[in-house]
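Text of the file work39.txt, holding compact mmCIF, C-alpha atoms:
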```
# COMPACT_ATOMS: atom_id res chain seq x y z
CA MET A 141 -31.84 -21.13 -8.36
CA ALA A 142 -30.84 -23.70 -5.83
CA THR A 143 -29.23 -22.26 -2.74
CA THR A 144 -27.56 -25.57 -1.93
CA ARG A 145 -25.19 -27.78 -3.85
CA THR A 146 -24.25 -31.42 -3.66
CA ILE A 147 -20.49 -31.63 -3.46
CA LYS A 148 -18.46 -34.75 -4.23
CA LEU A 149 -14.77 -34.72 -3.59
CA ARG A 150 -11.82 -36.77 -2.40
CA VAL A 151 -10.10 -35.86 0.83
CA ASN A 152 -6.96 -37.72 1.93
CA GLY A 153 -7.79 -40.53 -0.50
CA ALA A 154 -11.37 -41.10 0.68
CA ASP A 155 -14.50 -40.15 -1.22
CA TYR A 156 -16.93 -37.78 0.44
CA GLU A 157 -20.26 -36.35 -0.54
CA GLY A 158 -22.16 -33.59 1.19
CA THR A 159 -24.73 -30.91 0.62
CA ALA A 160 -23.91 -27.33 1.48
CA GLU A 161 -25.28 -23.85 1.04
CA VAL A 162 -23.57 -22.23 -1.94
CA ARG A 163 -22.19 -19.50 0.32
CA LYS A 164 -20.44 -21.99 2.59
CA THR A 165 -16.67 -21.74 2.59
CA LEU A 166 -14.59 -24.83 1.96
CA VAL A 167 -13.05 -24.82 5.42
CA ASP A 168 -16.47 -24.74 7.08
CA PHE A 169 -17.59 -27.58 4.85
CA LEU A 170 -14.55 -29.66 5.80
CA ARG A 171 -15.07 -29.04 9.50
CA GLU A 172 -18.84 -28.98 9.87
CA ASP A 173 -20.06 -31.32 7.14
CA LEU A 174 -17.21 -33.77 6.74
CA GLY A 175 -16.08 -33.73 10.37
CA LEU A 176 -12.48 -33.00 9.41
CA THR A 177 -11.68 -30.51 12.14
CA GLY A 178 -7.89 -30.67 11.83
CA THR A 179 -7.91 -27.65 9.54
CA ASN A 180 -8.32 -24.50 11.62
CA VAL A 181 -10.23 -21.32 10.85
CA GLY A 182 -8.27 -18.23 11.74
CA CYS A 183 -8.72 -14.84 10.13
CA GLU A 184 -11.27 -15.89 7.49
CA HIS A 185 -9.82 -13.49 4.97
CA GLY A 186 -6.82 -15.30 3.61
CA VAL A 187 -4.10 -13.64 5.64
CA CYS A 188 -3.16 -15.95 8.52
CA GLY A 189 -2.76 -19.25 6.68
CA ALA A 190 -4.23 -21.50 9.41
CA CYS A 191 -6.77 -22.98 6.97
CA THR A 192 -4.21 -23.87 4.29
CA ILE A 193 -4.84 -27.24 2.61
CA LEU A 194 -3.80 -28.88 -0.65
CA MET A 195 -6.19 -28.83 -3.58
CA ASN A 196 -5.11 -30.87 -6.57
CA GLY A 197 -1.57 -30.76 -5.23
CA GLU A 198 -1.31 -27.03 -4.54
CA THR A 199 -1.69 -25.16 -1.28
CA VAL A 200 -4.79 -22.97 -1.10
CA ARG A 201 -6.59 -21.01 1.59
CA SER A 202 -9.73 -22.99 2.31
CA CYS A 203 -11.39 -20.01 4.04
CA ILE A 204 -11.50 -17.98 0.83
CA MET A 205 -12.86 -20.70 -1.42
CA LEU A 206 -16.42 -21.83 -1.64
CA ALA A 207 -17.15 -25.46 -0.91
CA ALA A 208 -18.96 -25.64 -4.25
CA GLN A 209 -15.71 -24.75 -6.00
CA ALA A 210 -14.08 -27.91 -4.66
CA ASP A 211 -16.67 -30.21 -6.25
CA GLY A 212 -14.69 -32.87 -8.09
CA ALA A 213 -11.39 -31.86 -6.51
CA GLU A 214 -8.77 -33.90 -4.73
CA LEU A 215 -7.89 -32.42 -1.34
CA MET A 216 -5.33 -33.18 1.30
CA THR A 217 -5.67 -31.90 4.85
CA VAL A 218 -3.53 -32.26 7.93
CA GLU A 219 -5.39 -35.50 8.74
CA GLY A 220 -3.78 -37.00 5.66
CA LEU A 221 -0.20 -36.63 6.88
CA ALA A 222 0.13 -39.30 9.58
CA LYS A 223 -0.25 -42.97 8.70
CA PRO A 224 -3.52 -44.68 9.72
CA SER A 225 -1.47 -46.44 12.41
CA GLY A 226 -0.86 -43.05 13.98
CA GLU A 227 2.79 -42.91 12.97
CA LEU A 228 3.60 -39.27 12.32
CA HIS A 229 4.81 -37.94 8.98
CA PRO A 230 8.50 -36.94 8.96
CA ILE A 231 7.40 -33.29 8.71
CA GLN A 232 5.31 -33.67 11.87
CA GLU A 233 8.18 -35.45 13.62
CA ALA A 234 10.51 -32.61 12.73
CA PHE A 235 8.08 -29.97 14.04
CA ARG A 236 7.79 -31.92 17.30
CA GLU A 237 11.51 -32.32 17.74
CA LYS A 238 12.44 -28.74 16.88
CA HIS A 239 9.56 -27.17 18.81
CA GLY A 240 8.01 -25.82 15.60
CA LEU A 241 4.78 -25.22 17.50
CA GLN A 242 3.57 -24.02 20.86
CA CYS A 243 -0.19 -23.53 20.95
CA GLY A 244 -0.51 -25.37 17.63
CA PHE A 245 -3.32 -23.33 16.13
CA CYS A 246 -1.35 -22.32 13.05
CA THR A 247 0.40 -25.68 12.71
CA PRO A 248 -1.95 -27.49 10.29
CA GLY A 249 -1.39 -24.71 7.76
CA PHE A 250 2.37 -24.65 8.22
CA LEU A 251 2.49 -28.43 7.81
CA MET A 252 0.56 -28.38 4.54
CA THR A 253 2.71 -25.63 3.08
CA THR A 254 5.82 -27.54 4.13
CA TYR A 255 4.37 -30.64 2.48
CA GLU A 256 3.90 -28.92 -0.88
CA LEU A 257 7.22 -27.10 -0.66
CA LEU A 258 9.27 -30.22 0.09
CA SER A 259 7.36 -32.34 -2.43
CA LYS A 260 8.22 -29.92 -5.21
CA HIS A 261 11.48 -28.42 -3.98
CA PRO A 262 13.19 -31.04 -1.82
CA ASP A 263 16.41 -29.00 -1.93
CA ALA A 264 14.77 -25.70 -0.95
CA ASP A 265 17.28 -23.34 0.62
CA GLU A 266 16.61 -21.10 3.60
CA GLU A 267 15.40 -18.20 1.46
CA GLU A 268 12.95 -20.39 -0.43
CA ILE A 269 11.66 -21.87 2.80
CA LYS A 270 11.13 -18.38 4.24
CA GLU A 271 9.34 -17.29 1.08
CA TRP A 272 6.85 -20.15 1.41
CA LEU A 273 6.44 -19.78 5.17
CA SER A 274 5.81 -16.04 4.81
CA GLY A 275 2.24 -16.93 3.87
CA HIS A 276 1.59 -18.02 7.46
CA LEU A 277 1.29 -16.24 10.78
CA CYS A 278 2.42 -17.77 14.07
CA ARG A 279 1.99 -15.84 17.28
CA CYS A 280 3.99 -18.16 19.55
CA THR A 281 7.24 -19.42 18.13
CA GLY A 282 8.91 -16.40 16.59
CA TYR A 283 9.28 -18.54 13.45
CA GLN A 284 12.89 -19.59 14.00
CA ASP A 285 11.92 -23.01 15.34
CA ILE A 286 9.50 -23.48 12.44
CA LEU A 287 12.30 -22.74 10.01
CA GLU A 288 14.53 -25.24 11.82
CA SER A 289 11.72 -27.81 11.70
CA VAL A 290 11.33 -27.45 7.96
CA LYS A 291 15.08 -27.72 7.42
CA LEU A 292 15.22 -30.88 9.51
CA ALA A 293 12.24 -32.36 7.66
CA ALA A 294 13.85 -31.52 4.34
CA SER A 295 17.11 -33.23 5.20
CA ARG A 296 15.33 -36.33 6.50
CA LEU A 297 13.06 -36.57 3.46
CA ARG A 298 16.05 -36.19 1.14
CA ASN A 299 17.85 -39.01 2.91
CA SER A 300 14.92 -41.37 3.18
CA MET B 201 -17.63 -13.43 9.14
CA LYS B 202 -19.61 -15.56 6.70
CA PRO B 203 -20.81 -14.40 3.28
CA ALA B 204 -24.35 -13.07 2.95
CA ARG B 205 -26.69 -15.12 0.76
CA PHE B 206 -26.19 -15.01 -2.98
CA GLU B 207 -27.18 -16.94 -6.06
CA TYR B 208 -24.26 -18.93 -7.42
CA TYR B 209 -23.64 -19.74 -11.06
CA ASP B 210 -20.64 -21.65 -12.37
CA PRO B 211 -21.24 -21.86 -16.11
CA ARG B 212 -19.14 -24.08 -18.37
CA ASN B 213 -18.87 -21.62 -21.23
CA LEU B 214 -18.19 -17.92 -21.62
CA GLN B 215 -21.38 -17.02 -23.46
CA GLU B 216 -23.48 -18.36 -20.62
CA ALA B 217 -21.50 -16.35 -18.09
CA LEU B 218 -21.92 -13.18 -20.16
CA GLU B 219 -25.65 -13.72 -20.42
CA ILE B 220 -26.02 -14.09 -16.67
CA LEU B 221 -24.05 -10.91 -16.08
CA HIS B 222 -26.05 -9.08 -18.73
CA ALA B 223 -29.29 -10.12 -17.07
CA HIS B 224 -28.11 -8.78 -13.70
CA PRO B 225 -26.31 -5.51 -14.49
CA ASP B 226 -26.39 -4.14 -10.94
CA ASP B 227 -26.13 -7.27 -8.83
CA GLY B 228 -23.57 -9.53 -10.50
CA LYS B 229 -20.00 -10.10 -9.44
CA ILE B 230 -17.42 -12.26 -11.20
CA LEU B 231 -15.57 -14.79 -9.07
CA ALA B 232 -12.22 -15.83 -10.55
CA GLY B 233 -9.37 -16.64 -8.14
CA GLY B 234 -11.40 -15.12 -5.34
CA GLN B 235 -8.38 -14.02 -3.33
CA SER B 236 -9.73 -10.47 -3.06
CA LEU B 237 -13.45 -11.05 -3.52
CA MET B 238 -13.87 -13.87 -1.00
CA PRO B 239 -12.41 -11.85 1.90
CA LEU B 240 -14.82 -9.03 0.99
CA LEU B 241 -17.71 -11.50 0.98
CA ASN B 242 -16.64 -13.10 4.26
CA MET B 243 -16.47 -9.70 5.94
CA ARG B 244 -19.67 -8.63 4.19
CA LEU B 245 -17.99 -5.57 2.80
CA ALA B 246 -19.44 -6.78 -0.49
CA ARG B 247 -22.90 -8.35 -0.71
CA PRO B 248 -23.54 -9.12 -4.38
CA LYS B 249 -26.81 -10.92 -5.10
CA ILE B 250 -25.31 -12.92 -7.96
CA ILE B 251 -21.93 -14.63 -8.10
CA VAL B 252 -20.74 -15.78 -11.52
CA ASP B 253 -17.85 -18.18 -10.96
CA ILE B 254 -15.76 -18.34 -14.15
CA ASN B 255 -13.36 -21.05 -12.92
CA ARG B 256 -15.16 -23.86 -14.73
CA ILE B 257 -15.26 -22.12 -18.10
CA GLU B 258 -13.23 -24.16 -20.56
CA GLY B 259 -10.37 -22.62 -22.46
CA LEU B 260 -9.57 -19.57 -20.34
CA ASN B 261 -6.56 -20.96 -18.47
CA TYR B 262 -3.67 -20.26 -20.83
CA VAL B 263 -0.49 -18.32 -21.41
CA LYS B 264 0.25 -18.26 -25.11
CA ALA B 265 2.44 -16.53 -27.66
CA THR B 266 1.00 -13.73 -29.77
CA GLY B 267 3.46 -12.38 -32.32
CA THR B 268 6.37 -11.38 -30.12
CA GLY B 269 4.25 -10.94 -27.00
CA VAL B 270 2.24 -13.00 -24.58
CA ALA B 271 -1.52 -13.37 -24.07
CA ILE B 272 -2.80 -14.45 -20.67
CA GLY B 273 -6.27 -15.93 -20.28
CA ALA B 274 -8.74 -15.02 -17.55
CA ASN B 275 -8.19 -18.21 -15.56
CA ALA B 276 -4.38 -18.27 -15.67
CA ARG B 277 -3.15 -18.28 -12.08
CA GLN B 278 -0.50 -15.97 -10.70
CA ARG B 279 1.78 -18.97 -10.25
CA ALA B 280 2.05 -19.03 -14.06
CA LEU B 281 4.28 -15.97 -13.77
CA GLN B 282 6.92 -18.23 -12.22
CA THR B 283 6.22 -21.46 -14.05
CA GLU B 284 5.41 -20.53 -17.68
CA ARG B 285 8.47 -20.73 -19.91
CA LEU B 286 7.08 -18.08 -22.29
CA ILE B 287 6.97 -15.46 -19.57
CA GLY B 288 10.56 -16.13 -18.61
CA GLU B 289 11.60 -15.81 -22.25
CA ARG B 290 9.58 -12.82 -23.33
CA LEU B 291 8.61 -10.81 -20.25
CA VAL B 292 11.34 -11.28 -17.70
CA VAL B 293 10.07 -8.38 -15.61
CA LEU B 294 6.74 -10.18 -15.13
CA ARG B 295 8.64 -13.15 -13.74
CA GLU B 296 10.62 -10.86 -11.45
CA ALA B 297 7.36 -9.30 -10.31
CA GLY B 298 6.07 -12.76 -9.48
CA SER B 299 8.31 -12.85 -6.44
CA PHE B 300 6.60 -9.73 -5.03
CA ILE B 301 3.05 -10.85 -5.75
CA ALA B 302 1.32 -12.39 -2.75
CA HIS B 303 2.33 -15.76 -1.26
CA PRO B 304 2.47 -19.17 -2.99
CA GLN B 305 -0.73 -20.19 -1.18
CA ILE B 306 -2.53 -17.20 -2.74
CA CYS B 307 -0.93 -17.34 -6.21
CA SER B 308 -2.20 -20.92 -6.62
CA ARG B 309 -5.73 -19.50 -6.88
CA GLY B 310 -5.35 -15.80 -7.62
CA THR B 311 -5.48 -14.98 -11.32
CA ILE B 312 -3.48 -12.46 -13.30
CA CYS B 313 -6.54 -11.04 -15.03
CA GLY B 314 -8.43 -10.99 -11.72
CA SER B 315 -5.78 -8.77 -10.18
CA LEU B 316 -6.02 -6.43 -13.18
CA ALA B 317 -9.82 -6.27 -13.00
CA HIS B 318 -9.76 -5.77 -9.23
CA ALA B 319 -7.49 -2.73 -9.77
CA ASP B 320 -6.03 -2.39 -6.32
CA PRO B 321 -3.75 0.62 -6.69
CA ALA B 322 -1.09 -1.04 -4.51
CA ALA B 323 -0.95 -4.19 -6.67
CA GLU B 324 1.93 -4.93 -9.00
CA LEU B 325 0.12 -6.26 -12.08
CA PRO B 326 -1.84 -3.10 -12.93
CA ALA B 327 1.38 -1.07 -12.83
CA LEU B 328 3.13 -3.64 -15.02
CA ALA B 329 0.25 -3.52 -17.50
CA VAL B 330 0.57 0.27 -17.73
CA ALA B 331 4.37 0.22 -17.95
CA LEU B 332 4.44 -2.47 -20.63
CA ASP B 333 1.57 -1.06 -22.73
CA ALA B 334 -0.63 -4.11 -22.23
CA GLU B 335 -4.05 -4.34 -23.84
CA LEU B 336 -6.90 -5.71 -21.80
CA VAL B 337 -9.60 -7.57 -23.68
CA ALA B 338 -13.09 -6.92 -22.33
CA THR B 339 -15.63 -9.39 -23.67
CA GLY B 340 -19.29 -8.40 -23.50
CA PRO B 341 -22.44 -10.22 -24.58
CA ASN B 342 -22.14 -8.99 -28.16
CA ALA B 343 -18.53 -8.05 -28.77
CA ALA B 344 -15.02 -7.90 -27.40
CA ARG B 345 -12.89 -4.77 -27.23
CA ALA B 346 -9.21 -4.27 -26.43
CA ILE B 347 -8.61 -1.49 -23.91
CA PRO B 348 -5.12 0.02 -23.57
CA ALA B 349 -3.95 -0.39 -19.97
CA GLY B 350 -3.27 3.34 -19.78
CA GLY B 351 -7.02 4.00 -20.02
CA PHE B 352 -8.22 0.92 -18.15
CA PHE B 353 -7.53 1.95 -14.57
CA GLN B 354 -9.82 4.80 -13.58
CA SER B 355 -9.73 5.02 -9.80
CA TYR B 356 -9.46 2.90 -6.67
CA PHE B 357 -10.82 -0.54 -7.62
CA THR B 358 -12.48 1.04 -10.66
CA THR B 359 -11.81 0.14 -14.29
CA ALA B 360 -13.22 0.76 -17.74
CA LEU B 361 -15.00 -2.63 -17.62
CA GLN B 362 -18.78 -2.50 -17.99
CA PRO B 363 -20.92 -4.54 -15.58
CA ASP B 364 -21.65 -7.11 -18.29
CA GLU B 365 -18.08 -7.44 -19.50
CA ILE B 366 -15.47 -9.98 -18.45
CA LEU B 367 -11.75 -9.34 -18.69
CA THR B 368 -11.01 -12.44 -20.76
CA GLU B 369 -7.40 -11.81 -21.78
CA ALA B 370 -4.43 -9.59 -20.97
CA ARG B 371 -2.09 -9.02 -23.90
CA PHE B 372 1.45 -8.00 -23.13
CA PRO B 373 3.53 -7.01 -26.14
CA ALA B 374 7.18 -7.96 -25.88
CA PRO B 375 9.04 -4.89 -24.62
CA PRO B 376 11.52 -3.35 -27.10
CA GLU B 377 14.71 -5.41 -27.09
CA ASP B 378 16.94 -2.49 -26.22
CA MET B 379 14.99 -1.67 -23.04
CA ALA B 380 15.80 -3.08 -19.62
CA TRP B 381 13.24 -3.25 -16.83
CA SER B 382 13.22 -3.37 -13.10
CA ILE B 383 10.45 -3.74 -10.55
CA LEU B 384 11.00 -2.89 -6.90
CA GLU B 385 8.75 -2.31 -3.92
CA VAL B 386 8.74 -1.73 -0.20
CA SER B 387 6.17 -3.60 1.86
CA ARG B 388 5.83 -4.46 5.53
CA ARG B 389 6.13 -8.19 4.87
CA HIS B 390 7.40 -9.86 1.71
CA GLY B 391 4.34 -10.76 -0.35
CA ASP B 392 2.11 -8.12 1.21
CA PHE B 393 0.73 -5.17 -0.71
CA ALA B 394 3.31 -2.52 -1.47
CA LEU B 395 3.56 0.73 0.46
CA VAL B 396 5.26 2.03 -2.65
CA GLY B 397 6.43 0.25 -5.75
CA ILE B 398 7.95 1.11 -9.10
CA VAL B 399 8.25 -0.40 -12.55
CA ALA B 400 11.11 1.28 -14.41
CA GLY B 401 12.25 0.83 -17.99
CA LEU B 402 15.35 2.32 -19.57
CA ALA B 403 17.01 2.38 -23.00
CA VAL B 404 20.31 3.97 -23.96
CA GLU B 405 21.47 4.98 -27.44
CA ARG B 406 23.67 2.46 -29.15
CA GLU B 407 26.44 4.80 -30.23
CA ARG B 408 26.77 7.01 -27.16
CA PRO B 409 25.81 6.88 -23.49
CA VAL B 410 22.59 8.88 -23.66
CA ILE B 411 19.19 7.77 -22.40
CA ASN B 412 16.69 7.75 -25.25
CA ARG B 413 13.67 6.11 -23.64
CA ALA B 414 12.40 5.78 -20.08
CA ARG B 415 9.32 4.50 -18.30
CA LEU B 416 8.50 5.21 -14.66
CA VAL B 417 5.25 3.78 -13.30
CA TYR B 418 4.48 3.80 -9.58
CA PHE B 419 2.01 1.82 -7.50
CA GLY B 420 0.66 2.28 -4.00
CA VAL B 421 0.91 6.05 -4.43
CA GLY B 422 -2.53 7.13 -5.65
CA ALA B 423 -5.85 5.97 -7.00
CA THR B 424 -4.36 4.11 -9.98
CA PRO B 425 -0.95 3.03 -11.20
CA MET B 426 0.78 6.33 -11.89
CA ARG B 427 3.07 6.99 -14.83
CA VAL B 428 5.20 10.07 -14.14
CA ASN B 429 5.94 11.61 -17.54
CA ALA B 430 7.74 14.61 -16.04
CA ALA B 431 10.33 12.36 -14.43
CA GLU B 432 10.71 10.31 -17.61
CA ALA B 433 11.27 13.49 -19.63
CA LEU B 434 14.11 14.53 -17.31
CA LEU B 435 15.98 11.35 -18.15
CA ILE B 436 15.78 11.63 -21.93
CA GLY B 437 18.97 12.99 -23.49
CA GLN B 438 20.93 12.63 -20.23
CA ALA B 439 23.90 10.43 -19.52
CA PRO B 440 22.72 7.41 -17.53
CA GLY B 441 24.11 7.94 -14.04
CA GLU B 442 23.47 9.24 -10.57
CA ASP B 443 22.87 12.87 -11.57
CA ALA B 444 20.10 12.01 -14.01
CA PHE B 445 18.63 9.34 -11.73
CA ASP B 446 18.61 11.79 -8.79
CA ALA B 447 16.81 14.47 -10.77
CA ALA B 448 14.15 12.01 -11.92
CA ALA B 449 13.77 10.63 -8.40
CA GLN B 450 13.15 14.06 -6.90
CA VAL B 451 10.51 14.97 -9.46
CA ALA B 452 8.82 11.58 -9.13
CA GLY B 453 8.62 12.03 -5.36
CA GLN B 454 6.82 15.34 -5.89
CA GLU B 455 4.52 14.29 -8.73
CA ILE B 456 2.95 11.22 -7.14
CA ASP B 457 -0.14 11.56 -5.02
CA PRO B 458 0.21 9.27 -2.01
CA SER B 459 -2.08 9.31 1.01
CA ASN B 460 -1.63 9.01 4.74
CA ASP B 461 -2.91 5.76 6.15
CA ILE B 462 -2.19 3.41 9.01
CA HIS B 463 0.67 1.83 7.07
CA ALA B 464 2.69 4.93 6.18
CA THR B 465 2.50 8.71 5.86
CA ALA B 466 2.35 10.42 2.49
CA GLU B 467 5.69 12.06 3.22
CA TYR B 468 7.30 8.69 3.87
CA ARG B 469 5.85 7.31 0.65
CA ARG B 470 7.30 10.22 -1.34
CA ALA B 471 10.72 9.58 0.15
CA VAL B 472 10.50 5.85 -0.56
CA ALA B 473 9.35 6.52 -4.13
CA ALA B 474 12.40 8.70 -4.73
CA THR B 475 14.74 6.09 -3.28
CA LEU B 476 13.13 3.29 -5.27
CA THR B 477 13.43 5.39 -8.43
CA ARG B 478 17.21 5.62 -8.00
CA ARG B 479 17.51 1.91 -7.20
CA ALA B 480 15.27 0.78 -10.07
CA LEU B 481 17.09 2.94 -12.60
CA ARG B 482 20.46 1.66 -11.36
CA ALA B 483 19.18 -1.90 -11.63
CA ALA B 484 17.88 -1.33 -15.16
CA MET B 485 21.22 0.24 -16.11
CA GLU B 486 23.10 -2.77 -14.75
CA LYS B 487 20.95 -5.03 -16.91
CA LEU B 488 21.65 -2.91 -19.99
CA LYS B 489 25.38 -3.21 -19.33
CA ALA B 490 25.06 -6.97 -18.87
CA ASN B 491 23.27 -7.42 -22.21
```

Write the structure described by the file as structure tokens, please.
Amino acid sequence: MATTRTIKLRVNGADYEGTAEVRKTLVDFLREDLGLTGTNVGCEHGVCGACTILMNGETVRSCIMLAAQADGAELMTVEGLAKPSGELHPIQEAFREKHGLQCGFCTPGFLMTTYELLSKHPDADEEEIKEWLSGHLCRCTGYQDILESVKLAASRLRNS
Amino acid sequence: MKPARFEYYDPRNLQEALEILHAHPDDGKILAGGQSLMPLLNMRLARPKIIVDINRIEGLNYVKATGTGVAIGANARQRALQTERLIGERLVVLREAGSFIAHPQICSRGTICGSLAHADPAAELPALAVALDAELVATGPNAARAIPAGGFFQSYFTTALQPDEILTEARFPAPPEDMAWSILEVSRRHGDFALVGIVAGLAVERERPVINRARLVYFGVGATPMRVNAAEALLIGQAPGEDAFDAAAQVAGQEIDPSNDIHATAEYRRAVAATLTRRALRAAMEKLKAN
């Protein structure tokens, strides 16, 4: 039985291929093998949400998936938000303006959840936003500014 | 905080998965949504030698109609509770439960059958399976058998599944039309595991205001989901109202078997269970009136 796997997948629209031990988690594969270090590793047991990415359009915890399970998948990470020119995504702009981050460790996860939420529920009300954000921990902001950031992003995306 | 070494199999069909499990009766572990297993692997609280990933098996990701009920395949995600039309039509209480179960980022991977097979006593789905008389289909290398949910959950994280069986389908019959259901829980954070939770069902006679059927199943209060027959019996034949609900609540608070842990004392859990009983019965009654 092979203890490594060749993994082919798309991340932020680009094709990648790598070989990883079968026990390697997806977040470690993204960071160590693909060099995509925007996604952070926090608790490593699915609680804190820092490692949240999109897989086939849905947010998942990349610390509690194996890299091998993402073979053939389409992923989006925080690196996929801004334009190649460096112009920030409206969600990122909103987080900057409303101080939706301080140390920034949790931010990649919050951004990806906000991305899925506003893609699917552009009219999400405050309760819905809280429900989605409740899957993330932030130790700096007290959450209120994150909530305000998401609301601002939602209104801008609706009007764009 | 990285998993120990294991051999990894991700077969494309069920028979292959069953054969691998059968060949490794003591060392195999099934990986479905992974939202409970992967944390255990990362923390090395579990160190199985063989991982059988069932995610790539064709034909197990479904929610389909069976008679008047619903059958849920092994790879159906917890998000299906919110998104599948059939569940909204036939098992409203499962949809309501969906709002208590984990966070969207977990429900995208976590499976309904996986939660049942994991059998965390604080989880919602096992209690729902018991309350709604679900049957759980265990498929082994040679045969499949349907296990009533009431006999499926044996202790903490322990079920009637054999090491070479896979929980391939959960069958929920449609609840009787005259019954109304309510699920409630108290947890530290919305989406976290419950400190105490309840699934309550209630039916009242058509001609007069007398309760003729009741279901009270608690979670987070013992080794398995706990149906409290003594409290149900107190409701039968009574007028639906605060007096009857109070009496049932008090007995339920005594009959459950909660433990002290870092999250709450046993005494607190008993008090919460009693309060939730009153609230859930009131909520079920309101639904009966609305119908």

Using all atoms listed in the file, which residues sit within 8 Å of B:Leu332 once same-chain residues fewer than 2 positions away are excluded, as a PDB file with C-alpha atoms, keeping the file's coordinate frame?
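Once written, result_19.pdb looks like this:
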```
ATOM      1  CA  LEU B 328       3.130  -3.640 -15.020  1.00  0.00           C
ATOM      2  CA  ALA B 329       0.250  -3.520 -17.500  1.00  0.00           C
ATOM      3  CA  VAL B 330       0.570   0.270 -17.730  1.00  0.00           C
ATOM      4  CA  ALA B 334      -0.630  -4.110 -22.230  1.00  0.00           C
ATOM      5  CA  PHE B 372       1.450  -8.000 -23.130  1.00  0.00           C
ATOM      6  CA  PRO B 373       3.530  -7.010 -26.140  1.00  0.00           C
ATOM      7  CA  PRO B 375       9.040  -4.890 -24.620  1.00  0.00           C
TER       8      PRO B 375
END
```

- Message: If we draw a sphere of 10 Å around (4.5, -11.5, -13.3), which residues have at least one atom in it when counting only C-alpha atoms? Please report them as a PyMOL selection string.
- Response: chain B and resi 278-282+287-288+291-301+312+324-325+328-329

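Distances here use only C-alpha atoms; by that measure, the residue among B:Ile306, B:Ala444, B:Ala265, B:Leu221 closest to chain A is B:Ile306.
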
Kindly assemble as a tab-separated table a list of the chain A residues that lie within 6 Å of chain B, each paired with its nearest atom pair and their distance in Å to one decimal, using only C-alpha atoms, sorted first by chain and then by ascending residue number.
```
residue	atom	partner	partner_atom	distance
A:His185	CA	B:Pro239	CA	4.3
A:Thr199	CA	B:Gln305	CA	5.1
A:Val200	CA	B:Gln305	CA	4.9
A:Ile204	CA	B:Met238	CA	5.1
A:Gly275	CA	B:His303	CA	5.3
```

List the neighbours of A:Glu214 out to 10 Å using all atoms listed in the file; skip same-chain residues closer than 5 positions along the sequence, and give me the result as a PDB file with C-alpha atoms, keeping the file's coordinate frame.
```pdb
ATOM      1  CA  LYS A 148     -18.460 -34.750  -4.230  1.00  0.00           C
ATOM      2  CA  LEU A 149     -14.770 -34.720  -3.590  1.00  0.00           C
ATOM      3  CA  ARG A 150     -11.820 -36.770  -2.400  1.00  0.00           C
ATOM      4  CA  VAL A 151     -10.100 -35.860   0.830  1.00  0.00           C
ATOM      5  CA  ASN A 152      -6.960 -37.720   1.930  1.00  0.00           C
ATOM      6  CA  GLY A 153      -7.790 -40.530  -0.500  1.00  0.00           C
ATOM      7  CA  ALA A 154     -11.370 -41.100   0.680  1.00  0.00           C
ATOM      8  CA  ASP A 155     -14.500 -40.150  -1.220  1.00  0.00           C
ATOM      9  CA  LEU A 194      -3.800 -28.880  -0.650  1.00  0.00           C
ATOM     10  CA  MET A 195      -6.190 -28.830  -3.580  1.00  0.00           C
ATOM     11  CA  ASN A 196      -5.110 -30.870  -6.570  1.00  0.00           C
ATOM     12  CA  GLY A 197      -1.570 -30.760  -5.230  1.00  0.00           C
TER      13      GLY A 197
END
```

- Give me the residues within 12 Å of B:Gln438 as a PyMOL selection string, counting only C-alpha atoms and dropping any in the same chain fewer than 3 places off. chain B and resi 402-405+408-414+432-435+441-448
